[in-house]
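Chemist: Before I ask anything, let me first share the structure, which is written out below as structure tokens.
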Amino acid sequence: MTTSLDETRVAAFGEQLVGAYVGGMVTMMVDLASRTGLLDALAGGPGTSAEVAARAGLAERYVRECLGALVTAGVVAYDPATRQYTLPAEHAVLLTGPGSVNMAPISRFIALLGVHVPAVADAFRTGGGVPYEAYRPGFTEVMDGLSRGLMDGQLLDGILPLTGELPARLADGVRVAEVGCGTGHALNLMARAYPRSSFTGYDLAEDAIGLARAEAADWGLTNVSFEVLDVARLPGEPPCTAVFAFDAIHDQADPAGVLARVRAALEPGGWFVMMDIKAASALEDNVGNPLAPWLYAISTLHCMTVSLAQGGAGLGTVWGEQLARQMLDEAGFVDVSVHDVPDDPFDSVYVARTPT
Ligand SMILES: C[S@@+](CC[C@H](N)C(=O)[O-])C[C@H]1O[C@@H](n2cnc3c(N)ncnc32)[C@H](O)[C@@H]1O
């Protein structure tokens, strides 16, 4: 039997594939231009490749080649008459600066995860997964870069107000924990803003906890501490008024167990504030979500495999709102509400309470 191909569809799919491959490469050029300071230098004003390279302290030949990619990708503008490159202000706002709208840190995932493709391919054949440790210390740095700007821009004024009266309780002085705190920036920001409350952050990653402690010391904070701990053993005493988890539930080996420990660590009427990936649980409901391929890929190459490496649930990045609500319910939380995160299309904030 011969299959007749629709040549128009073949050509269209070829174009689609090329677009995806080009996008991957452009992403790595944004990563390079961001981490070398090239984008910051360009944001300072137009210049030739030599001028921009001198401004950034970089080798001109590399700068020119990278700018070739960024110009042809439509990221940077180029005037052949003056040989000057310009980063349009509308692009600079999304690629430079300390705030939550800077998308440049997201570009780092391709280089971070790409090196693990062969190991993940082995896991496809043999089961199991690639352990969390294999991703460090690179993962710690990339994750910090991803969440730091968002927390600086949105934690105190965008995320905490979603919790109703919790900010007032924090101001009065309560006990707070964070599971999977990474480099601890969110907790340090809260500890600085609410000096009457006491904060404890837990993470498995020693390098991340070291950075969290260093920032707390640098800021002179005495109401925050960080411990290396598997949050599957989160202590239930003394009880907390609030527990936070920022992108730290879906890659757990035992997410249901951790939710149960969080529930047990909270006093009656306590808050569990869980920021996690914004998606639906069913694949068919994610078709048409432009971010969904990126999310499933991150899951395959990191979040799911690190869980499976421990013989875990392998929930994955795209566990989605329906399953998240179900698991919060099964863990005994009530009054669950789900909110968008300002400046962050990737996440939702779940505000859950313990029964009074
Ligand atoms: C996606 S990162 C998020 C880090 C941080 N909350 C942020 O937003 O930057 C997930 C964090 O959870 C930590 N983690 C994963 N499983 C853990 C466990 N069982 N106990 C403690 N930490 C864990 C990882 O080491 C990692 O730092």
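Ordering of the structure tokens sets the chain letters (A, B, ...), residue numbers begin anew at 1 in every chain, and ligands are numbered from 1 in the order given.
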Any idea what's packed within 8 Å of A:Leu187, counting only C-alpha atoms, ignoring anything in its chain fewer than 4 positions away? Could you give it as a list in words?
Modeler: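 Listing them by chain and then by number gives Glu178, Cys181, Ala191, Phe199, Thr200, Gly201 and Val224 of chain A.
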Chemist: I need the residues from that last selection saved to file as a PDB file, in the first residue's frame (with N, CA and C atoms), if you can.
Modeler:
```
ATOM      1  N   GLU A 178       9.676  27.322  54.780  1.00  0.00           N
ATOM      2  CA  GLU A 178       9.603  27.163  53.328  1.00  0.00           C
ATOM      3  C   GLU A 178      10.230  25.824  52.962  1.00  0.00           C
ATOM      4  N   CYS A 181      13.548  25.565  49.505  1.00  0.00           N
ATOM      5  CA  CYS A 181      13.760  27.022  49.442  1.00  0.00           C
ATOM      6  C   CYS A 181      14.862  27.412  48.475  1.00  0.00           C
ATOM      7  N   ALA A 191      11.903  37.774  55.603  1.00  0.00           N
ATOM      8  CA  ALA A 191      12.500  37.981  56.923  1.00  0.00           C
ATOM      9  C   ALA A 191      12.883  39.446  57.122  1.00  0.00           C
ATOM     10  N   PHE A 199      11.638  32.678  60.454  1.00  0.00           N
ATOM     11  CA  PHE A 199      11.548  31.954  59.187  1.00  0.00           C
ATOM     12  C   PHE A 199      12.595  30.848  59.145  1.00  0.00           C
ATOM     13  N   THR A 200      12.188  29.650  58.661  1.00  0.00           N
ATOM     14  CA  THR A 200      13.143  28.553  58.468  1.00  0.00           C
ATOM     15  C   THR A 200      12.956  27.991  57.066  1.00  0.00           C
ATOM     16  N   GLY A 201      14.061  27.899  56.346  1.00  0.00           N
ATOM     17  CA  GLY A 201      14.022  27.350  54.990  1.00  0.00           C
ATOM     18  C   GLY A 201      14.713  26.003  54.944  1.00  0.00           C
ATOM     19  N   VAL A 224      16.014  34.492  60.474  1.00  0.00           N
ATOM     20  CA  VAL A 224      15.855  33.479  59.425  1.00  0.00           C
ATOM     21  C   VAL A 224      16.994  32.472  59.542  1.00  0.00           C
TER      22      VAL A 224
END
```
Chemist: Enumerate, in order of chain and increasing residue number, the residues of chain A with an atom no farther than 7 Å from ligand 1, each with its shortest atom pair and distance in Å to one decimal, counting only C-alpha atoms and all ligand atoms, as a Markdown table.
Modeler:
```
| residue | atom | partner | partner_atom_place_in_ligand_line | distance |
| --- | --- | --- | --- | --- |
| A:Thr140 | CA | ligand 1 | 27 (O) | 6.6 |
| A:Met143 | CA | ligand 1 | 9 (O) | 5.0 |
| A:Asp144 | CA | ligand 1 | 9 (O) | 4.9 |
| A:Leu146 | CA | ligand 1 | 9 (O) | 7.0 |
| A:Ser147 | CA | ligand 1 | 9 (O) | 4.9 |
| A:Arg148 | CA | ligand 1 | 9 (O) | 7.0 |
| A:Val179 | CA | ligand 1 | 21 (C) | 6.2 |
| A:Gly180 | CA | ligand 1 | 12 (O) | 3.5 |
| A:Cys181 | CA | ligand 1 | 6 (N) | 4.1 |
| A:Gly182 | CA | ligand 1 | 27 (O) | 3.7 |
| A:Thr183 | CA | ligand 1 | 9 (O) | 6.3 |
| A:Gly184 | CA | ligand 1 | 5 (C) | 7.0 |
| A:Tyr202 | CA | ligand 1 | 21 (C) | 5.9 |
| A:Asp203 | CA | ligand 1 | 22 (N) | 3.5 |
| A:Leu204 | CA | ligand 1 | 21 (C) | 4.1 |
| A:Ala205 | CA | ligand 1 | 25 (O) | 4.7 |
| A:Ala208 | CA | ligand 1 | 27 (O) | 6.7 |
| A:Leu229 | CA | ligand 1 | 21 (C) | 5.5 |
| A:Asp230 | CA | ligand 1 | 20 (N) | 3.5 |
| A:Val231 | CA | ligand 1 | 20 (N) | 4.0 |
| A:Ala232 | CA | ligand 1 | 19 (N) | 5.5 |
| A:Ala245 | CA | ligand 1 | 6 (N) | 6.3 |
| A:Phe246 | CA | ligand 1 | 6 (N) | 4.3 |
| A:Asp247 | CA | ligand 1 | 1 (C) | 4.9 |
| A:Ala248 | CA | ligand 1 | 10 (C) | 4.2 |
| A:Asp251 | CA | ligand 1 | 15 (C) | 6.1 |
| A:Gln252 | CA | ligand 1 | 16 (N) | 4.7 |
| A:Ala253 | CA | ligand 1 | 19 (N) | 6.5 |
```
Chemist: Please, which residues of stretch 73-198 of chain A, numbered as in this document, come out helix (DSSP H, G or I) from DSSP, as a ChimeraX atom specification?
Modeler: /A:89-95,104-114,117-126,132-135,138-163,166-172,185-193
Chemist: Counting only C-alpha atoms, which of A:Pro342, A:Leu58, A:Ser281, A:Arg196 gets nearest to A:Gln326?
Modeler: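 So, comparing all the options, the nearest one is A:Ser281.
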Chemist: Find the residues around A:Leu308 up to 9 Å (only C-alpha atoms counted), leave out those fewer than 2 positions away in its own chain, and share them as a PDB file with N, CA, C and O atoms, in the first residue's frame.
Modeler:
```pdb
ATOM      1  N   GLY A 127      14.554   2.872  32.596  1.00  0.00           N
ATOM      2  CA  GLY A 127      13.765   3.325  33.744  1.00  0.00           C
ATOM      3  C   GLY A 127      14.636   4.149  34.670  1.00  0.00           C
ATOM      4  O   GLY A 127      15.780   4.470  34.359  1.00  0.00           O
ATOM      5  N   GLY A 128      14.092   4.480  35.819  1.00  0.00           N
ATOM      6  CA  GLY A 128      14.844   5.327  36.748  1.00  0.00           C
ATOM      7  C   GLY A 128      14.947   6.740  36.220  1.00  0.00           C
ATOM      8  O   GLY A 128      14.080   7.194  35.457  1.00  0.00           O
ATOM      9  N   GLY A 129      16.002   7.435  36.613  1.00  0.00           N
ATOM     10  CA  GLY A 129      16.107   8.821  36.185  1.00  0.00           C
ATOM     11  C   GLY A 129      17.489   9.371  36.426  1.00  0.00           C
ATOM     12  O   GLY A 129      18.395   8.650  36.826  1.00  0.00           O
ATOM     13  N   VAL A 130      17.625  10.669  36.162  1.00  0.00           N
ATOM     14  CA  VAL A 130      18.897  11.373  36.387  1.00  0.00           C
ATOM     15  C   VAL A 130      18.759  12.086  37.736  1.00  0.00           C
ATOM     16  O   VAL A 130      17.816  12.853  37.924  1.00  0.00           O
ATOM     17  N   PRO A 131      19.671  11.842  38.676  1.00  0.00           N
ATOM     18  CA  PRO A 131      19.489  12.398  40.028  1.00  0.00           C
ATOM     19  C   PRO A 131      19.698  13.905  40.088  1.00  0.00           C
ATOM     20  O   PRO A 131      20.446  14.468  39.289  1.00  0.00           O
ATOM     21  N   ALA A 253      10.103  13.477  45.261  1.00  0.00           N
ATOM     22  CA  ALA A 253       9.962  12.018  45.125  1.00  0.00           C
ATOM     23  C   ALA A 253       8.593  11.586  45.641  1.00  0.00           C
ATOM     24  O   ALA A 253       7.936  10.727  45.055  1.00  0.00           O
ATOM     25  N   CYS A 303      12.401  17.865  35.949  1.00  0.00           N
ATOM     26  CA  CYS A 303      11.524  17.720  37.124  1.00  0.00           C
ATOM     27  C   CYS A 303      11.008  16.293  37.297  1.00  0.00           C
ATOM     28  O   CYS A 303      10.952  15.770  38.413  1.00  0.00           O
ATOM     29  N   MET A 304      10.611  15.648  36.209  1.00  0.00           N
ATOM     30  CA  MET A 304      10.113  14.270  36.321  1.00  0.00           C
ATOM     31  C   MET A 304      11.258  13.316  36.586  1.00  0.00           C
ATOM     32  O   MET A 304      11.167  12.429  37.452  1.00  0.00           O
ATOM     33  N   THR A 305      12.366  13.498  35.861  1.00  0.00           N
ATOM     34  CA  THR A 305      13.447  12.506  35.962  1.00  0.00           C
ATOM     35  C   THR A 305      14.119  12.540  37.335  1.00  0.00           C
ATOM     36  O   THR A 305      14.510  11.498  37.856  1.00  0.00           O
ATOM     37  N   VAL A 306      14.224  13.733  37.975  1.00  0.00           N
ATOM     38  CA  VAL A 306      14.866  13.771  39.302  1.00  0.00           C
ATOM     39  C   VAL A 306      14.017  13.023  40.328  1.00  0.00           C
ATOM     40  O   VAL A 306      14.542  12.432  41.274  1.00  0.00           O
ATOM     41  N   GLN A 310      14.778   8.814  42.219  1.00  0.00           N
ATOM     42  CA  GLN A 310      14.688   8.376  43.625  1.00  0.00           C
ATOM     43  C   GLN A 310      13.619   7.299  43.799  1.00  0.00           C
ATOM     44  O   GLN A 310      13.177   7.034  44.920  1.00  0.00           O
ATOM     45  N   GLY A 311      13.148   6.736  42.686  1.00  0.00           N
ATOM     46  CA  GLY A 311      12.033   5.790  42.766  1.00  0.00           C
ATOM     47  C   GLY A 311      10.735   6.495  43.108  1.00  0.00           C
ATOM     48  O   GLY A 311       9.809   5.894  43.662  1.00  0.00           O
ATOM     49  N   GLY A 312      10.680   7.815  42.786  1.00  0.00           N
ATOM     50  CA  GLY A 312       9.552   8.645  43.201  1.00  0.00           C
ATOM     51  C   GLY A 312       8.371   8.603  42.252  1.00  0.00           C
ATOM     52  O   GLY A 312       8.342   7.844  41.278  1.00  0.00           O
ATOM     53  N   ALA A 313       7.411   9.505  42.551  1.00  0.00           N
ATOM     54  CA  ALA A 313       6.133   9.520  41.838  1.00  0.00           C
ATOM     55  C   ALA A 313       6.281  10.009  40.402  1.00  0.00           C
ATOM     56  O   ALA A 313       5.449   9.683  39.549  1.00  0.00           O
ATOM     57  N   GLY A 314       7.305  10.804  40.121  1.00  0.00           N
ATOM     58  CA  GLY A 314       7.474  11.341  38.768  1.00  0.00           C
ATOM     59  C   GLY A 314       6.278  12.159  38.323  1.00  0.00           C
ATOM     60  O   GLY A 314       5.841  12.082  37.189  1.00  0.00           O
ATOM     61  N   LEU A 315       5.787  12.986  39.233  1.00  0.00           N
ATOM     62  CA  LEU A 315       4.597  13.796  38.955  1.00  0.00           C
ATOM     63  C   LEU A 315       4.808  14.658  37.715  1.00  0.00           C
ATOM     64  O   LEU A 315       3.949  14.736  36.850  1.00  0.00           O
TER      65      LEU A 315
END
```
Chemist: From a backbone DSSP assignment, name each residue in stretch 37-284 of chain A labelled strand (DSSP E), as a ChimeraX atom specification.
Modeler: /A:77-79,84-86,175-179,198-203,224-228,240-246,266-277
Chemist: Which residues of stretch 229-342 of chain A sit at most 9 Å from stretch 118-124 of chain A, using only C-alpha atoms? Give each one's shortest atom pair and distance in Å (one decimal place), in chain and ascending residue order, as JSON lines.
Modeler:
```
{"residue": "A:Thr300", "atom": "CA", "partner": "A:Val120", "partner_atom": "CA", "distance": 7.8}
{"residue": "A:Leu301", "atom": "CA", "partner": "A:Val120", "partner_atom": "CA", "distance": 6.6}
{"residue": "A:His302", "atom": "CA", "partner": "A:Val120", "partner_atom": "CA", "distance": 8.8}
{"residue": "A:Thr305", "atom": "CA", "partner": "A:Val120", "partner_atom": "CA", "distance": 7.4}
{"residue": "A:Ala309", "atom": "CA", "partner": "A:Ala123", "partner_atom": "CA", "distance": 8.9}
```
